[in-house]
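Undergrad: Next up, entry.cif (mmCIF, C-alpha atoms).
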data_entry
loop_
_atom_site.label_atom_id
_atom_site.label_comp_id
_atom_site.auth_asym_id
_atom_site.auth_seq_id
_atom_site.Cartn_x
_atom_site.Cartn_y
_atom_site.Cartn_z
CA MET A 1 0.00 0.00 0.00
CA GLN A 2 2.90 2.33 0.72
CA ARG A 3 4.03 1.95 -2.89
CA LEU A 4 0.63 3.26 -4.05
CA TRP A 5 0.94 6.37 -1.86
CA GLN A 6 4.46 6.99 -3.14
CA LEU A 7 3.25 6.64 -6.71
CA CYS A 8 0.39 9.10 -6.09
CA LEU A 9 2.84 11.54 -4.54
CA ALA A 10 5.26 11.23 -7.48
CA ILE A 11 2.49 11.72 -10.06
CA GLY A 12 1.14 14.71 -8.15
CA LEU A 13 4.59 16.30 -7.97
CA LEU A 14 5.17 15.76 -11.69
CA MET A 15 1.82 17.34 -12.54
CA MET A 16 2.59 20.30 -10.25
CA LEU A 17 5.93 20.74 -12.00
CA GLY A 18 4.11 20.63 -15.34
CA ARG A 19 1.72 23.36 -14.18
CA LEU A 20 4.66 25.53 -13.09
CA VAL A 21 6.49 25.08 -16.39
CA THR A 22 3.30 25.77 -18.34
CA ALA A 23 2.66 28.94 -16.32
CA LEU A 24 6.21 30.17 -16.91
CA LEU A 25 5.97 29.50 -20.64
CA LEU A 26 2.61 31.24 -20.94
CA ARG A 27 3.90 34.19 -18.92
CA SER A 28 6.86 34.58 -21.26
CA GLY A 29 4.54 34.58 -24.28
CA ILE A 30 5.26 31.08 -25.57
CA GLN A 31 2.14 29.18 -26.61
CA THR A 32 1.88 25.76 -24.99
CA THR A 33 -0.68 23.14 -24.09
CA SER A 34 -3.22 23.81 -21.36
CA LEU A 35 -3.35 20.18 -20.28
CA PHE A 36 -1.90 20.81 -16.82
CA PHE A 37 -4.31 23.66 -16.15
CA ASP A 38 -7.25 21.58 -17.36
CA LEU A 39 -6.28 18.85 -14.90
CA GLN A 40 -5.46 21.21 -12.05
CA LEU A 41 -8.00 19.93 -9.49
CA PRO A 42 -7.34 16.21 -10.08
CA SER A 43 -3.59 16.75 -9.86
CA ILE A 44 -3.91 18.61 -6.55
CA LEU A 45 -6.13 15.83 -5.20
CA ILE A 46 -3.64 13.15 -6.29
CA LEU A 47 -0.83 15.10 -4.64
CA LEU A 48 -2.76 15.50 -1.39
CA VAL A 49 -3.83 11.85 -1.28
CA GLY A 50 -0.24 10.75 -1.88
CA LEU A 51 1.14 13.11 0.74
CA ILE A 52 -1.40 12.11 3.39
CA GLY A 53 -0.95 8.41 2.59
CA VAL A 54 2.83 8.57 2.86
CA GLU A 55 2.64 10.42 6.18
CA VAL A 56 0.08 8.01 7.65
CA THR A 57 2.08 4.93 6.67
CA LYS A 58 5.26 6.52 8.00
CA HIS A 59 3.67 7.15 11.40
CA ARG A 60 2.20 3.61 11.53
CA LYS A 61 5.66 2.10 11.00
CA LYS A 62 7.10 4.15 13.88
CA GLY A 63 4.29 3.36 16.33
#
When written as structure tokens, how does the structure in this file appear?
TA:
Amino acid sequence: MQRLWQLCLAIGLLMMLGRLVTALLLRSGIQTTSLFFDLQLPSILILLVGLIGVEVTKHRKKG
């Protein structure tokens, strides 16, 4: 199960990085895809689920 949380976290971080790169490109006037902005809410949810899952499994291993 921990592998699933880590995978969600990694996917969420990659999508966040894609949103940042897309925002920088659009700000500098370069036309690019809007895929990362279209999927903004799902990517934030994936990131949060992965982050919470990793933290919960980490605390369960300690206790």
Undergrad: Applied to this file, what does the PyMOL selection byres ((chain A and resi 15) around 12) return in terms of residues, put as a list in words?
TA: Cys8, Leu9, Ala10, Ile11, Gly12, Leu13, Leu14, Met16, Leu17, Gly18, Arg19, Leu20, Val21, Thr22, Leu35, Phe36, Phe37, Asp38, Leu39, Gln40, Leu41, Pro42, Ser43, Ile44, Leu45, Ile46 and Leu47 of chain A
Undergrad: Point out the residue among A:Leu4, A:Ser34, A:Leu24, A:Gly29 with the least atom-to-atom distance to Ile52 in chain A, counting only C-alpha atoms.
TA: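 Smallest distance to Ile52 in chain A is found for A:Leu4.
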Undergrad: Rounded to one decimal place, report the CA of Gly50 in chain A-CA of Lys62 in chain A distance in Å.
TA: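 Atom-to-atom, CA of Gly50 in chain A to CA of Lys62 in chain A, that is 18.6 Å.
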Undergrad: Expressed in Å to a single decimal, how great is the separation between CA of Val56 in chain A and CA of Trp5 in chain A?
TA: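 Spanning CA of Val56 in chain A to CA of Trp5 in chain A is a straight-line distance of 9.7 Å.
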Undergrad: How far is it from CA of Thr57 in chain A to CA of Leu7 in chain A, in Å with one decimal?
TA: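 It comes out at 13.5 Å.
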Undergrad: So for range 41-49 of chain A, what box centre and size do we get, axis-aligned, 6 Å extra on each of the six sides, every listed atom, Å to one decimal, as lines of an AutoDock Vina configuration file?
TA:
center_x = -4.4
center_y = 15.9
center_z = -5.7
size_x = 19.2
size_y = 20.1
size_z = 20.8
Undergrad: Find, counting only C-alpha atoms, the residue in A:Leu26, A:Gln31, A:Val54, A:His59 that gets nearest to Met1 in chain A.
TA: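 Of A:Leu26, A:Gln31, A:Val54, A:His59, the one nearest Met1 in chain A, counting only C-alpha atoms, is A:Val54.
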Undergrad: How would range 30-61 of chain A read, as a short mmCIF file (atom, residue, chain, number, x, y, z; two decimals), keeping the file's coordinate frame, once N, CA and C atoms are built in?
TA:
data_model
loop_
_atom_site.label_atom_id
_atom_site.label_comp_id
_atom_site.auth_asym_id
_atom_site.auth_seq_id
_atom_site.Cartn_x
_atom_site.Cartn_y
_atom_site.Cartn_z
N ILE A 30 5.12 32.27 -24.74
CA ILE A 30 5.26 31.08 -25.57
C ILE A 30 3.97 30.26 -25.47
N GLN A 31 3.36 29.97 -26.61
CA GLN A 31 2.14 29.18 -26.61
C GLN A 31 2.46 27.73 -26.28
N THR A 32 1.67 27.14 -25.40
CA THR A 32 1.88 25.76 -24.99
C THR A 32 0.54 25.12 -24.69
N THR A 33 0.55 23.86 -24.39
CA THR A 33 -0.68 23.14 -24.09
C THR A 33 -1.27 23.59 -22.75
N SER A 34 -2.56 23.45 -22.62
CA SER A 34 -3.22 23.81 -21.36
C SER A 34 -3.61 22.57 -20.58
N LEU A 35 -3.00 21.44 -20.91
CA LEU A 35 -3.35 20.18 -20.28
C LEU A 35 -3.21 20.23 -18.76
N PHE A 36 -2.13 20.80 -18.26
CA PHE A 36 -1.90 20.81 -16.82
C PHE A 36 -2.86 21.75 -16.10
N PHE A 37 -3.32 22.78 -16.77
CA PHE A 37 -4.31 23.66 -16.15
C PHE A 37 -5.70 23.04 -16.22
N ASP A 38 -5.96 22.27 -17.26
CA ASP A 38 -7.25 21.58 -17.36
C ASP A 38 -7.39 20.51 -16.29
N LEU A 39 -6.28 19.91 -15.91
CA LEU A 39 -6.28 18.85 -14.90
C LEU A 39 -5.79 19.35 -13.55
N GLN A 40 -5.99 20.61 -13.27
CA GLN A 40 -5.46 21.21 -12.05
C GLN A 40 -6.07 20.59 -10.79
N LEU A 41 -7.36 20.48 -10.69
CA LEU A 41 -8.00 19.93 -9.49
C LEU A 41 -7.65 18.46 -9.28
N PRO A 42 -7.73 17.61 -10.31
CA PRO A 42 -7.34 16.21 -10.08
C PRO A 42 -5.87 16.07 -9.66
N SER A 43 -4.99 16.89 -10.22
CA SER A 43 -3.59 16.75 -9.86
C SER A 43 -3.34 17.18 -8.41
N ILE A 44 -4.04 18.20 -7.95
CA ILE A 44 -3.91 18.61 -6.55
C ILE A 44 -4.45 17.52 -5.63
N LEU A 45 -5.56 16.91 -6.01
CA LEU A 45 -6.13 15.83 -5.20
C LEU A 45 -5.19 14.63 -5.14
N ILE A 46 -4.59 14.27 -6.26
CA ILE A 46 -3.64 13.15 -6.29
C ILE A 46 -2.45 13.46 -5.40
N LEU A 47 -1.96 14.70 -5.48
CA LEU A 47 -0.83 15.10 -4.64
C LEU A 47 -1.19 15.03 -3.16
N LEU A 48 -2.35 15.53 -2.79
CA LEU A 48 -2.76 15.50 -1.39
C LEU A 48 -2.98 14.08 -0.89
N VAL A 49 -3.62 13.24 -1.68
CA VAL A 49 -3.83 11.85 -1.28
C VAL A 49 -2.49 11.14 -1.09
N GLY A 50 -1.57 11.35 -2.00
CA GLY A 50 -0.24 10.75 -1.88
C GLY A 50 0.51 11.25 -0.66
N LEU A 51 0.45 12.53 -0.41
CA LEU A 51 1.14 13.11 0.74
C LEU A 51 0.57 12.60 2.06
N ILE A 52 -0.75 12.59 2.16
CA ILE A 52 -1.40 12.11 3.39
C ILE A 52 -1.12 10.61 3.57
N GLY A 53 -1.21 9.85 2.50
CA GLY A 53 -0.95 8.41 2.59
C GLY A 53 0.46 8.09 3.02
N VAL A 54 1.43 8.80 2.48
CA VAL A 54 2.83 8.57 2.86
C VAL A 54 3.04 8.92 4.33
N GLU A 55 2.48 10.02 4.77
CA GLU A 55 2.64 10.42 6.18
C GLU A 55 1.97 9.44 7.13
N VAL A 56 0.79 8.95 6.78
CA VAL A 56 0.08 8.01 7.65
C VAL A 56 0.85 6.69 7.74
N THR A 57 1.34 6.18 6.62
CA THR A 57 2.08 4.93 6.67
C THR A 57 3.41 5.10 7.39
N LYS A 58 4.01 6.27 7.29
CA LYS A 58 5.26 6.52 8.00
C LYS A 58 5.04 6.50 9.50
N HIS A 59 3.95 7.12 9.97
CA HIS A 59 3.67 7.15 11.40
C HIS A 59 3.24 5.78 11.93
N ARG A 60 2.60 4.97 11.10
CA ARG A 60 2.20 3.61 11.53
C ARG A 60 3.41 2.73 11.71
N LYS A 61 4.44 2.92 10.88
CA LYS A 61 5.66 2.10 11.00
C LYS A 61 6.41 2.45 12.29
#
